[in-house]
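Visitor: This one is run35.pdb, PDB, C-alpha atoms and all ligand atoms.
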ATOM      1  CA  MET H   1     -59.239  59.058 -51.906
ATOM      2  CA  GLU H   2     -56.827  56.111 -52.236
ATOM      3  CA  PHE H   3     -57.704  52.710 -53.693
ATOM      4  CA  SER H   4     -55.544  49.616 -53.301
ATOM      5  CA  GLU H   5     -53.195  48.470 -56.072
ATOM      6  CA  ARG H   6     -54.872  45.063 -55.981
ATOM      7  CA  LEU H   7     -58.276  46.538 -56.711
ATOM      8  CA  LEU H   8     -57.018  48.856 -59.445
ATOM      9  CA  GLU H   9     -55.100  46.027 -61.126
ATOM     10  CA  ARG H  10     -58.245  43.905 -61.221
ATOM     11  CA  LEU H  11     -60.355  46.765 -62.527
ATOM     12  CA  LYS H  12     -57.811  47.692 -65.167
ATOM     13  CA  VAL H  13     -58.321  44.425 -67.025
ATOM     14  CA  ALA H  14     -61.823  43.367 -65.974
ATOM     15  CA  TYR H  15     -64.294  42.556 -68.743
ATOM     16  CA  THR H  16     -67.306  41.563 -66.618
ATOM     17  CA  VAL H  17     -68.245  43.549 -63.518
ATOM     18  CA  GLY H  18     -71.333  42.942 -61.390
ATOM     19  CA  VAL H  19     -72.859  45.191 -58.749
ATOM     20  CA  LEU H  20     -75.374  44.262 -56.064
ATOM     21  CA  THR H  21     -77.147  47.280 -54.582
ATOM     22  CA  GLY H  22     -79.390  47.772 -51.559
ATOM     23  CA  ALA H  23     -81.288  50.575 -49.909
ATOM     24  CA  GLY H  24     -78.064  52.330 -48.788
ATOM     25  CA  ILE H  25     -77.243  53.487 -52.318
ATOM     26  CA  SER H  26     -80.447  55.543 -52.321
ATOM     27  CA  ALA H  27     -79.948  56.924 -48.804
ATOM     28  CA  ALA H  28     -78.180  60.040 -50.109
ATOM     29  CA  SER H  29     -81.190  60.710 -52.347
ATOM     30  CA  GLY H  30     -83.359  60.862 -49.238
ATOM     31  CA  VAL H  31     -85.024  57.444 -49.505
ATOM     32  CA  PRO H  32     -85.078  55.910 -45.998
ATOM     33  CA  THR H  33     -83.494  52.465 -45.569
ATOM     34  CA  PHE H  34     -85.399  49.748 -43.690
ATOM     35  CA  ARG H  35     -82.785  49.056 -41.079
ATOM     36  CA  GLY H  36     -81.691  52.609 -40.443
ATOM     37  CA  LYS H  37     -83.047  54.917 -37.769
ATOM     38  CA  ASP H  38     -85.688  56.288 -40.162
ATOM     39  CA  GLY H  39     -87.140  52.863 -40.861
ATOM     40  CA  LEU H  40     -90.476  53.523 -39.177
ATOM     41  CA  TRP H  41     -93.716  54.847 -40.653
ATOM     42  CA  ASN H  42     -96.650  55.686 -38.358
ATOM     43  CA  LYS H  43     -95.157  53.438 -35.634
ATOM     44  CA  TYR H  44     -95.075  50.414 -37.989
ATOM     45  CA  ARG H  45     -91.924  48.514 -38.804
ATOM     46  CA  PRO H  46     -91.455  47.630 -42.501
ATOM     47  CA  GLU H  47     -91.626  43.912 -41.646
ATOM     48  CA  GLU H  48     -95.154  44.428 -40.307
ATOM     49  CA  LEU H  49     -96.375  45.996 -43.555
ATOM     50  CA  ALA H  50     -94.356  44.379 -46.315
ATOM     51  CA  ASN H  51     -95.996  40.968 -46.229
ATOM     52  CA  PHE H  52     -99.035  39.306 -47.779
ATOM     53  CA  GLU H  53    -100.737  38.593 -44.487
ATOM     54  CA  ALA H  54    -100.733  42.295 -43.608
ATOM     55  CA  PHE H  55    -102.194  43.018 -47.051
ATOM     56  CA  GLN H  56    -104.976  40.461 -46.548
ATOM     57  CA  THR H  57    -105.803  41.782 -43.085
ATOM     58  CA  ASN H  58    -105.534  45.473 -43.848
ATOM     59  CA  PRO H  59    -104.982  46.279 -47.529
ATOM     60  CA  LYS H  60    -105.776  49.945 -46.956
ATOM     61  CA  LEU H  61    -102.983  50.371 -44.417
ATOM     62  CA  VAL H  62    -100.459  48.576 -46.626
ATOM     63  CA  TRP H  63    -101.481  50.609 -49.697
ATOM     64  CA  GLU H  64    -101.222  53.869 -47.743
ATOM     65  CA  TRP H  65     -97.677  53.006 -46.770
ATOM     66  CA  TYR H  66     -96.729  52.186 -50.389
ATOM     67  CA  ASP H  67     -98.475  55.314 -51.584
ATOM     68  CA  TRP H  68     -96.379  57.368 -49.159
ATOM     69  CA  ARG H  69     -93.166  55.650 -50.271
ATOM     70  CA  ARG H  70     -94.039  55.943 -53.968
ATOM     71  CA  LYS H  71     -94.699  59.685 -53.689
ATOM     72  CA  LEU H  72     -91.464  60.152 -51.742
ATOM     73  CA  ILE H  73     -89.495  58.249 -54.386
ATOM     74  CA  GLN H  74     -91.048  60.262 -57.215
ATOM     75  CA  GLN H  75     -89.883  63.482 -55.542
ATOM     76  CA  VAL H  76     -86.239  62.496 -55.091
ATOM     77  CA  LYS H  77     -83.441  62.281 -57.647
ATOM     78  CA  PRO H  78     -80.681  59.750 -58.304
ATOM     79  CA  ASN H  79     -77.481  60.707 -56.435
ATOM     80  CA  LEU H  80     -73.772  60.666 -57.348
ATOM     81  CA  ALA H  81     -73.524  56.946 -56.564
ATOM     82  CA  HIS H  82     -76.227  56.096 -59.121
ATOM     83  CA  TYR H  83     -74.554  58.304 -61.743
ATOM     84  CA  ALA H  84     -71.126  56.755 -61.072
ATOM     85  CA  LEU H  85     -72.647  53.360 -61.925
ATOM     86  CA  VAL H  86     -73.831  54.798 -65.264
ATOM     87  CA  ASP H  87     -70.179  55.734 -65.981
ATOM     88  CA  MET H  88     -69.068  52.245 -64.977
ATOM     89  CA  GLU H  89     -71.547  50.672 -67.382
ATOM     90  CA  ARG H  90     -69.839  52.645 -70.141
ATOM     91  CA  ILE H  91     -66.344  51.591 -69.015
ATOM     92  CA  PHE H  92     -66.801  47.808 -68.701
ATOM     93  CA  PRO H  93     -67.911  45.723 -71.717
ATOM     94  CA  GLU H  94     -70.161  43.499 -69.569
ATOM     95  CA  PHE H  95     -71.806  45.250 -66.657
ATOM     96  CA  ALA H  96     -74.967  44.619 -64.664
ATOM     97  CA  ILE H  97     -76.633  46.073 -61.613
ATOM     98  CA  ILE H  98     -78.509  43.556 -59.525
ATOM     99  CA  THR H  99     -80.719  45.588 -57.229
ATOM    100  CA  GLN H 100     -82.828  44.871 -54.181
ATOM    101  CA  ASN H 101     -84.232  48.363 -54.471
ATOM    102  CA  VAL H 102     -87.716  49.027 -55.764
ATOM    103  CA  ASP H 103     -87.191  52.766 -56.315
ATOM    104  CA  ASN H 104     -86.344  52.771 -60.041
ATOM    105  CA  LEU H 105     -83.444  55.199 -59.397
ATOM    106  CA  HIS H 106     -80.849  53.152 -61.326
ATOM    107  CA  GLN H 107     -83.076  53.235 -64.396
ATOM    108  CA  ARG H 108     -83.765  56.950 -63.929
ATOM    109  CA  ALA H 109     -80.020  57.639 -63.668
ATOM    110  CA  GLY H 110     -79.584  55.915 -67.023
ATOM    111  CA  ASN H 111     -78.291  52.384 -66.413
ATOM    112  CA  GLN H 112     -79.394  49.947 -69.121
ATOM    113  CA  HIS H 113     -78.716  46.567 -67.585
ATOM    114  CA  VAL H 114     -80.607  46.459 -64.283
ATOM    115  CA  ILE H 115     -81.834  43.180 -62.829
ATOM    116  CA  GLU H 116     -84.614  43.852 -60.298
ATOM    117  CA  LEU H 117     -84.777  41.250 -57.559
ATOM    118  CA  HIS H 118     -87.570  42.769 -55.477
ATOM    119  CA  GLY H 119     -89.850  44.340 -58.069
ATOM    120  CA  ASN H 120     -90.595  48.003 -58.628
ATOM    121  CA  ILE H 121     -92.779  50.264 -56.543
ATOM    122  CA  LEU H 122     -94.004  52.116 -59.632
ATOM    123  CA  ARG H 123     -95.713  48.956 -60.898
ATOM    124  CA  SER H 124     -98.713  47.079 -59.511
ATOM    125  CA  LYS H 125    -100.156  43.633 -60.167
ATOM    126  CA  CYS H 126    -103.290  41.636 -59.406
ATOM    127  CA  SER H 127    -102.860  39.643 -56.220
ATOM    128  CA  ARG H 128    -104.998  36.826 -57.711
ATOM    129  CA  CYS H 129    -104.233  36.453 -61.430
ATOM    130  CA  GLY H 130    -100.909  38.349 -61.532
ATOM    131  CA  LYS H 131    -101.933  40.729 -64.342
ATOM    132  CA  PRO H 132     -99.521  43.703 -64.388
ATOM    133  CA  TYR H 133    -100.750  47.293 -64.055
ATOM    134  CA  LEU H 134     -98.568  50.262 -64.933
ATOM    135  CA  GLN H 135    -100.928  53.092 -64.066
ATOM    136  CA  GLU H 136    -101.051  54.831 -60.704
ATOM    137  CA  PHE H 137    -104.038  54.236 -58.459
ATOM    138  CA  ASP H 138    -105.598  56.793 -56.172
ATOM    139  CA  VAL H 139    -105.871  54.515 -53.163
ATOM    140  CA  LYS H 140    -107.769  57.152 -51.186
ATOM    141  CA  GLN H 141    -110.702  56.217 -53.457
ATOM    142  CA  GLY H 142    -110.477  52.605 -52.253
ATOM    143  CA  ILE H 143    -108.369  49.537 -52.938
ATOM    144  CA  PRO H 144    -108.137  48.986 -56.700
ATOM    145  CA  THR H 145    -109.496  45.685 -58.005
ATOM    146  CA  CYS H 146    -108.642  43.747 -61.147
ATOM    147  CA  PRO H 147    -111.296  44.120 -63.881
ATOM    148  CA  ASP H 148    -110.369  40.648 -65.180
ATOM    149  CA  CYS H 149    -110.808  38.552 -62.043
ATOM    150  CA  GLY H 150    -111.981  40.843 -59.241
ATOM    151  CA  GLY H 151    -108.832  40.231 -57.174
ATOM    152  CA  LEU H 152    -107.223  43.040 -55.175
ATOM    153  CA  ILE H 153    -104.462  44.909 -56.958
ATOM    154  CA  ARG H 154    -101.213  45.167 -54.980
ATOM    155  CA  PRO H 155     -97.795  46.796 -55.386
ATOM    156  CA  ASP H 156     -95.506  44.734 -57.657
ATOM    157  CA  VAL H 157     -92.828  44.222 -55.032
ATOM    158  CA  VAL H 158     -91.517  41.128 -53.289
ATOM    159  CA  TRP H 159     -92.763  40.925 -49.718
ATOM    160  CA  PHE H 160     -91.128  39.186 -46.766
ATOM    161  CA  GLY H 161     -91.770  35.456 -47.107
ATOM    162  CA  GLU H 162     -92.369  35.608 -50.886
ATOM    163  CA  THR H 163     -90.136  34.066 -53.515
ATOM    164  CA  LEU H 164     -88.161  36.223 -55.917
ATOM    165  CA  PRO H 165     -88.970  36.402 -59.630
ATOM    166  CA  GLU H 166     -87.260  33.201 -60.743
ATOM    167  CA  ASN H 167     -85.951  34.415 -64.045
ATOM    168  CA  ASN H 168     -84.359  37.545 -62.556
ATOM    169  CA  LEU H 169     -82.768  35.586 -59.724
ATOM    170  CA  HIS H 170     -81.339  33.119 -62.227
ATOM    171  CA  GLN H 171     -79.892  35.936 -64.343
ATOM    172  CA  ALA H 172     -78.401  37.524 -61.225
ATOM    173  CA  GLN H 173     -76.748  34.261 -60.172
ATOM    174  CA  GLU H 174     -75.337  33.709 -63.662
ATOM    175  CA  PHE H 175     -73.952  37.235 -63.716
ATOM    176  CA  ALA H 176     -72.402  36.860 -60.271
ATOM    177  CA  MET H 177     -70.673  33.669 -61.460
ATOM    178  CA  ALA H 178     -69.289  35.415 -64.536
ATOM    179  CA  SER H 179     -68.081  38.549 -62.729
ATOM    180  CA  GLU H 180     -64.348  39.215 -62.326
ATOM    181  CA  VAL H 181     -65.013  42.025 -59.868
ATOM    182  CA  PHE H 182     -68.212  42.107 -57.846
ATOM    183  CA  PHE H 183     -69.395  45.033 -55.714
ATOM    184  CA  ALA H 184     -71.917  44.853 -52.861
ATOM    185  CA  ILE H 185     -73.082  48.405 -52.208
ATOM    186  CA  GLY H 186     -75.380  49.751 -49.498
ATOM    187  CA  THR H 187     -76.869  46.437 -48.500
ATOM    188  CA  SER H 188     -77.017  45.040 -44.990
ATOM    189  CA  ALA H 189     -76.292  41.669 -46.656
ATOM    190  CA  VAL H 190     -78.762  39.733 -44.536
ATOM    191  CA  VAL H 191     -81.792  39.293 -46.812
ATOM    192  CA  GLU H 192     -81.543  36.014 -48.741
ATOM    193  CA  PRO H 193     -81.136  34.997 -51.492
ATOM    194  CA  ALA H 194     -79.559  38.316 -52.527
ATOM    195  CA  ALA H 195     -77.107  38.072 -49.624
ATOM    196  CA  SER H 196     -75.572  34.952 -51.216
ATOM    197  CA  LEU H 197     -74.686  36.624 -54.504
ATOM    198  CA  PRO H 198     -71.321  38.059 -53.342
ATOM    199  CA  TYR H 199     -70.370  34.571 -52.076
ATOM    200  CA  ILE H 200     -71.371  33.011 -55.408
ATOM    201  CA  ALA H 201     -69.185  35.580 -57.161
ATOM    202  CA  LYS H 202     -66.265  34.943 -54.819
ATOM    203  CA  GLY H 203     -66.616  31.174 -55.148
ATOM    204  CA  ASN H 204     -66.195  31.646 -58.898
ATOM    205  CA  GLY H 205     -63.060  33.737 -58.610
ATOM    206  CA  ALA H 206     -64.383  37.292 -58.398
ATOM    207  CA  TYR H 207     -62.668  39.986 -56.367
ATOM    208  CA  VAL H 208     -65.434  41.094 -53.983
ATOM    209  CA  VAL H 209     -65.631  44.697 -52.803
ATOM    210  CA  GLU H 210     -68.111  45.941 -50.240
ATOM    211  CA  ILE H 211     -69.025  49.633 -50.038
ATOM    212  CA  ASN H 212     -70.863  50.481 -46.825
ATOM    213  CA  PRO H 213     -70.211  52.904 -43.937
ATOM    214  CA  GLU H 214     -71.051  50.076 -41.485
ATOM    215  CA  ASP H 215     -69.752  46.540 -40.989
ATOM    216  CA  THR H 216     -72.050  43.772 -42.215
ATOM    217  CA  PRO H 217     -71.917  39.940 -42.138
ATOM    218  CA  LEU H 218     -70.179  40.179 -45.548
ATOM    219  CA  SER H 219     -67.373  42.496 -44.399
ATOM    220  CA  ASP H 220     -64.922  39.800 -43.323
ATOM    221  CA  ALA H 221     -65.519  37.592 -46.351
ATOM    222  CA  ALA H 222     -65.121  40.402 -48.877
ATOM    223  CA  ASP H 223     -61.672  41.014 -50.376
ATOM    224  CA  GLU H 224     -62.058  44.669 -49.472
ATOM    225  CA  HIS H 225     -64.448  46.740 -47.443
ATOM    226  CA  LEU H 226     -64.457  50.371 -48.549
ATOM    227  CA  LYS H 227     -65.929  51.906 -45.458
ATOM    228  CA  GLY H 228     -67.905  55.025 -46.295
ATOM    229  CA  PRO H 229     -70.877  56.409 -48.195
ATOM    230  CA  ALA H 230     -71.297  55.140 -51.769
ATOM    231  CA  ASP H 231     -72.016  58.659 -53.033
ATOM    232  CA  GLN H 232     -68.438  59.644 -52.093
ATOM    233  CA  ILE H 233     -66.557  56.427 -52.860
ATOM    234  CA  LEU H 234     -68.028  55.584 -56.289
ATOM    235  CA  PRO H 235     -67.401  58.971 -57.952
ATOM    236  CA  ALA H 236     -63.799  58.854 -56.653
ATOM    237  CA  LEU H 237     -63.431  55.345 -58.085
ATOM    238  CA  VAL H 238     -64.715  56.461 -61.491
ATOM    239  CA  ILE H 239     -62.015  59.171 -61.595
ATOM    240  CA  GLU H 240     -59.373  56.447 -61.064
ATOM    241  CA  LEU H 241     -61.009  54.176 -63.650
ATOM    242  CA  GLU H 242     -60.878  56.901 -66.257
ATOM    243  CA  LYS H 243     -57.108  57.129 -65.738
ATOM    244  CA  ILE H 244     -56.480  53.403 -66.163
ATOM    245  CA  ARG H 245     -59.040  52.341 -68.813
TER
HETATM  246  P1  LIG M 301     -81.100  47.750 -45.460
HETATM  247  O1  LIG M 301     -82.037  48.853 -45.126
HETATM  248  O2  LIG M 301     -81.206  46.479 -44.747
HETATM  249  O3  LIG M 301     -79.581  48.226 -45.284
HETATM  250  C1  LIG M 301     -79.090  49.432 -45.798
HETATM  251  C2  LIG M 301     -77.572  49.386 -45.745
HETATM  252  O4  LIG M 301     -77.078  50.558 -46.392
HETATM  253  C3  LIG M 301     -76.994  49.388 -44.324
HETATM  254  O5  LIG M 301     -76.051  48.357 -44.212
HETATM  255  C4  LIG M 301     -76.330  50.768 -44.208
HETATM  256  O6  LIG M 301     -75.172  50.727 -43.401
HETATM  257  C5  LIG M 301     -75.996  51.064 -45.639
HETATM  258  N1  LIG M 301     -75.876  52.490 -45.972
HETATM  259  C6  LIG M 301     -76.501  53.552 -45.416
HETATM  260  N2  LIG M 301     -76.125  54.696 -46.023
HETATM  261  C7  LIG M 301     -75.253  54.345 -46.999
HETATM  262  C8  LIG M 301     -74.506  55.078 -47.984
HETATM  263  N3  LIG M 301     -74.605  56.415 -48.089
HETATM  264  N4  LIG M 301     -73.696  54.383 -48.818
HETATM  265  C9  LIG M 301     -73.581  53.036 -48.741
HETATM  266  N5  LIG M 301     -74.253  52.297 -47.834
HETATM  267  C10 LIG M 301     -75.076  52.939 -46.982
HETATM  268  O7  LIG M 301     -81.217  47.553 -47.036
HETATM  269  P2  LIG M 301     -81.196  46.257 -47.931
HETATM  270  O8  LIG M 301     -80.011  45.420 -47.612
HETATM  271  O9  LIG M 301     -81.378  46.749 -49.312
HETATM  272  O10 LIG M 301     -82.480  45.407 -47.498
HETATM  273  C11 LIG M 301     -83.736  46.006 -47.304
HETATM  274  C12 LIG M 301     -84.860  45.557 -48.222
HETATM  275  O11 LIG M 301     -85.777  46.624 -48.248
HETATM  276  C13 LIG M 301     -84.474  45.361 -49.648
HETATM  277  O12 LIG M 301     -84.953  44.140 -50.005
HETATM  278  C14 LIG M 301     -85.184  46.443 -50.459
HETATM  279  O13 LIG M 301     -86.036  45.858 -51.424
HETATM  280  C15 LIG M 301     -86.086  47.130 -49.517
HETATM  281  N6  LIG M 301     -85.925  48.611 -49.500
HETATM  282  C16 LIG M 301     -85.759  49.285 -50.661
HETATM  283  C17 LIG M 301     -85.595  50.662 -50.642
HETATM  284  C18 LIG M 301     -85.394  51.370 -51.961
HETATM  285  O14 LIG M 301     -85.851  50.893 -52.992
HETATM  286  N7  LIG M 301     -84.703  52.511 -51.956
HETATM  287  C19 LIG M 301     -85.578  51.353 -49.444
HETATM  288  C20 LIG M 301     -85.757  50.631 -48.258
HETATM  289  C21 LIG M 301     -85.914  49.252 -48.318
HETATM  290 ZN    ZN M 302    -106.755  39.598 -61.687
END
Would you mind writing the structure in this file as structure tokens?
Guide:
Amino acid sequence: MEFSERLLERLKVAYTVGVLTGAGISAASGVPTFRGKDGLWNKYRPEELANFEAFQTNPKLVWEWYDWRRKLIQQVKPNLAHYALVDMERIFPEFAIITQNVDNLHQRAGNQHVIELHGNILRSKCSRCGKPYLQEFDVKQGIPTCPDCGGLIRPDVVWFGETLPENNLHQAQEFAMASEVFFAIGTSAVVEPAASLPYIAKGNGAYVVEINPEDTPLSDAADEHLKGPADQILPALVIELEKIR
């Protein structure tokens, strides 16, 4: 696989490299994306289940969906794209993954600096007082409630219409501003505010590289669009990086 001289020249000297990831990076592990053809569960669209109103109306249904996704995620493994990002963290002095994924696969692969924008499906929290819960709940026994306040416990993920964890978003924006090269990988680049991060990076001088087999709203604005699956492109890029760094 060939990479452009422009990209390799930037990567040869880059000190700070940022990466935004979306569901597409986990596709090769067997985790369905939301906007792909496998984005349905029991006839429901993710948008119908991943919101607080759905949880208030039918917490059992929403929990069953998360339970299904959590079990699926626990059975899969990180793929070559995740592992290539572990190599990249070793190569660049300042490196961060900013992820919209909730599947914990970057952490399982071994990346240290992961900024989670949308929470983590392995964690739960009280929907009333916010207390975090790390244990798994058997939701077939009923919806878990918070011993402290009696509120319903929910998955610790960001639902449609909810705001992102402020501190993490701030860190992500700061990192995007500091990045000399910024990758947007496997994201449809439509869900805000994550979708703005590549533009923030570019506005501050970064060379922006998209990796996605499809075109997205970002494709024209990016300096390069490497059109293909991340699990093929990233390992090939790491081979080049090891020659030049
Ligand atoms: P998305 O489902 O909207 O888009 C996925 C993108 O990945 C598409 O543009 C697709 O073309 C691309 N893609 C598919 N296969 C790929 C591959 N092998 N390599 C590179 N790209 C590939 O995902 P999104 O932009 O992350 O937005 C969906 C939201 O849903 C996110 O906020 C995320 O929290 C959540 N989500 C997370 C997971 C997960 O944690 N694995 C899975 C589904 C959805
Ligand atoms: Zn509580």
Visitor: Can you give me, as a list in words, the residues this file yields under the PyMOL selection byres (((not hetatm)) within 10 of (chain M and resi 302))?
Guide: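 On this input, the PyMOL selection byres (((not hetatm)) within 10 of (chain M and resi 302)) captures Lys125, Cys126, Ser127, Arg128, Cys129, Gly130, Lys131, Pro132, Thr145, Cys146, Pro147, Asp148, Cys149, Gly150, Gly151, Leu152 and Ile153 of chain H.
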Visitor: Would you mind listing the residues within 9 Å of ligand LIG 301 (chain M), counting all atoms listed in the file, as number ranges by chain?
Guide: H: 21-36, 39, 46, 69, 73, 81, 99-105, 117-121, 157-160, 185-192, 194-195, 211-216, 227-233
Visitor: Which residue is closest to Glu210 in chain H? Choose from H:Ala184, H:Leu197, H:Ile244, H:Leu85 and count only C-alpha atoms.
Guide: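 Using only C-alpha atoms, Glu210 in chain H sits closest to H:Ala184.
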Visitor: Find the spatial neighbours of Ile97 in chain H, counting only C-alpha atoms, within a cut-off of 6 Å - ignore same-chain residues fewer than 5 positions away - and output them as a PDB file with C-alpha atoms, in the frame of the given file.
Guide:
ATOM      1  CA  VAL H  19     -72.859  45.191 -58.749  1.00  0.00           C
ATOM      2  CA  LEU H  20     -75.374  44.262 -56.064  1.00  0.00           C
ATOM      3  CA  VAL H 114     -80.607  46.459 -64.283  1.00  0.00           C
TER       4      VAL H 114
END
Visitor: Box time for range 150-161 of chain H: axis-aligned, enclosing all its listed atoms, 3 Å extra on each side; report centre and edge lengths in Å to one decimal, as lines of an AutoDock Vina configuration file.
Guide:
center_x = -101.6
center_y = 41.1
center_z = -53.0
size_x = 26.9
size_y = 17.3
size_z = 18.5
Visitor: As an exercise, work out the distance from CA of Leu72 in chain H to CA of Arg154 in chain H in Å and give it to one decimal place.
Guide: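 Computing it gives 18.2 Å between the two atoms.
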Visitor: Would you pick out the contacts of Lys140 in chain H at 10 Å or less, using only C-alpha atoms, so that residues sharing its chain but fewer than 5 positions from it are not included, and give the list as a list in words?
Guide: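 Here the qualifying residues turn out to be Lys60, Trp63, Glu64 and Asp67 of chain H.
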Visitor: Here is a test: counting all atoms listed in the file, which residue of H:Asn51, H:Ser219, H:Ala178, H:Ala201 is nearest to Thr163 in chain H?
Guide: H:Asn51
Visitor: Just give me the residues with any atom within 12 Å of (-81.4, 57.4, -65.1), file coordinates, counting all atoms listed in the file, written as an MDAnalysis selection string.
Guide: chainID H and resid 77:87 103:114
Visitor: Considering only C-alpha atoms, can you say which of H:Leu226, H:Ile200, H:Leu122, H:Ile91 comes closest to Lys71 in chain H?
Guide: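 Smallest separation from Lys71 in chain H among the options: H:Leu122.
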Visitor: Have a look at CA of Asp156 in chain H and CA of Gly18 in chain H and let me know their distance in Å, one decimal.
Guide: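 Computed distance, CA of Asp156 in chain H to CA of Gly18 in chain H, equals 24.5 Å.
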Visitor: In Å, how far is it from CA of Glu94 in chain H to CA of His170 in chain H?
Guide: 16.9 Å
Visitor: If we count all atoms listed in the file, what is near Val209 in chain H at a cut-off of 8 Å, once residues fewer than 2 positions away on the same chain are taken out, given as a VMD selection string?
Guide: chain H and resid 181 to 184 207 211 222 to 226
Visitor: Which of these residues is nearest to Asp138 in chain H, using all atoms listed in the file: H:Trp41, H:Arg70, H:Glu2, H:Leu241?
Guide: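 Among the listed residues, H:Arg70 lies closest to Asp138 in chain H.
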Visitor: Could you give me, as number ranges by chain, the residues that have an atom at most 12 Å away from the point (-57.8, 57.6, -65.9) in the coordinates of the file, using all atoms listed in the file?
Guide: H: 8, 11-12, 91, 236-245
Visitor: Between H:Phe92, H:Gln173, H:Glu48, H:Pro198, which is the closest to Val13 in chain H once you count only C-alpha atoms?
Guide: H:Phe92
Visitor: Using the incomplete input, complete range 123-137 of chain H to the level of N, CA and C atoms; output as a PDB file, in the coordinates of the input.
Guide:
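Result file is rebuild_20.pdb:
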ATOM      1  N   ARG H 123     -94.793  49.890 -60.242  1.00  0.00           N
ATOM      2  CA  ARG H 123     -95.713  48.956 -60.898  1.00  0.00           C
ATOM      3  C   ARG H 123     -96.647  48.321 -59.876  1.00  0.00           C
ATOM      4  N   SER H 124     -97.794  47.841 -60.350  1.00  0.00           N
ATOM      5  CA  SER H 124     -98.713  47.079 -59.511  1.00  0.00           C
ATOM      6  C   SER H 124     -99.060  45.790 -60.243  1.00  0.00           C
ATOM      7  N   LYS H 125     -99.707  44.869 -59.512  1.00  0.00           N
ATOM      8  CA  LYS H 125    -100.156  43.633 -60.167  1.00  0.00           C
ATOM      9  C   LYS H 125    -101.348  43.087 -59.398  1.00  0.00           C
ATOM     10  N   CYS H 126    -102.138  42.248 -60.068  1.00  0.00           N
ATOM     11  CA  CYS H 126    -103.290  41.636 -59.406  1.00  0.00           C
ATOM     12  C   CYS H 126    -102.790  40.573 -58.428  1.00  0.00           C
ATOM     13  N   SER H 127    -103.325  40.611 -57.216  1.00  0.00           N
ATOM     14  CA  SER H 127    -102.860  39.643 -56.220  1.00  0.00           C
ATOM     15  C   SER H 127    -103.431  38.249 -56.488  1.00  0.00           C
ATOM     16  N   ARG H 128    -104.428  38.145 -57.418  1.00  0.00           N
ATOM     17  CA  ARG H 128    -104.998  36.826 -57.711  1.00  0.00           C
ATOM     18  C   ARG H 128    -104.470  36.264 -59.026  1.00  0.00           C
ATOM     19  N   CYS H 129    -104.623  37.022 -60.118  1.00  0.00           N
ATOM     20  CA  CYS H 129    -104.233  36.453 -61.430  1.00  0.00           C
ATOM     21  C   CYS H 129    -102.864  36.942 -61.900  1.00  0.00           C
ATOM     22  N   GLY H 130    -102.269  37.913 -61.192  1.00  0.00           N
ATOM     23  CA  GLY H 130    -100.909  38.349 -61.532  1.00  0.00           C
ATOM     24  C   GLY H 130    -100.830  39.366 -62.652  1.00  0.00           C
ATOM     25  N   LYS H 131    -101.969  39.766 -63.226  1.00  0.00           N
ATOM     26  CA  LYS H 131    -101.933  40.729 -64.342  1.00  0.00           C
ATOM     27  C   LYS H 131    -101.209  42.018 -63.927  1.00  0.00           C
ATOM     28  N   PRO H 132    -100.249  42.481 -64.740  1.00  0.00           N
ATOM     29  CA  PRO H 132     -99.521  43.703 -64.388  1.00  0.00           C
ATOM     30  C   PRO H 132    -100.314  44.976 -64.674  1.00  0.00           C
ATOM     31  N   TYR H 133    -100.120  45.982 -63.851  1.00  0.00           N
ATOM     32  CA  TYR H 133    -100.750  47.293 -64.055  1.00  0.00           C
ATOM     33  C   TYR H 133     -99.683  48.363 -63.934  1.00  0.00           C
ATOM     34  N   LEU H 134     -99.608  49.237 -64.954  1.00  0.00           N
ATOM     35  CA  LEU H 134     -98.568  50.262 -64.933  1.00  0.00           C
ATOM     36  C   LEU H 134     -99.087  51.618 -64.469  1.00  0.00           C
ATOM     37  N   GLN H 135    -100.400  51.778 -64.461  1.00  0.00           N
ATOM     38  CA  GLN H 135    -100.928  53.092 -64.066  1.00  0.00           C
ATOM     39  C   GLN H 135    -100.887  53.276 -62.551  1.00  0.00           C
ATOM     40  N   GLU H 136    -100.986  54.533 -62.141  1.00  0.00           N
ATOM     41  CA  GLU H 136    -101.051  54.831 -60.704  1.00  0.00           C
ATOM     42  C   GLU H 136    -102.492  54.743 -60.239  1.00  0.00           C
ATOM     43  N   PHE H 137    -102.684  54.292 -59.013  1.00  0.00           N
ATOM     44  CA  PHE H 137    -104.038  54.236 -58.459  1.00  0.00           C
ATOM     45  C   PHE H 137    -104.168  55.261 -57.350  1.00  0.00           C
TER      46      PHE H 137
END
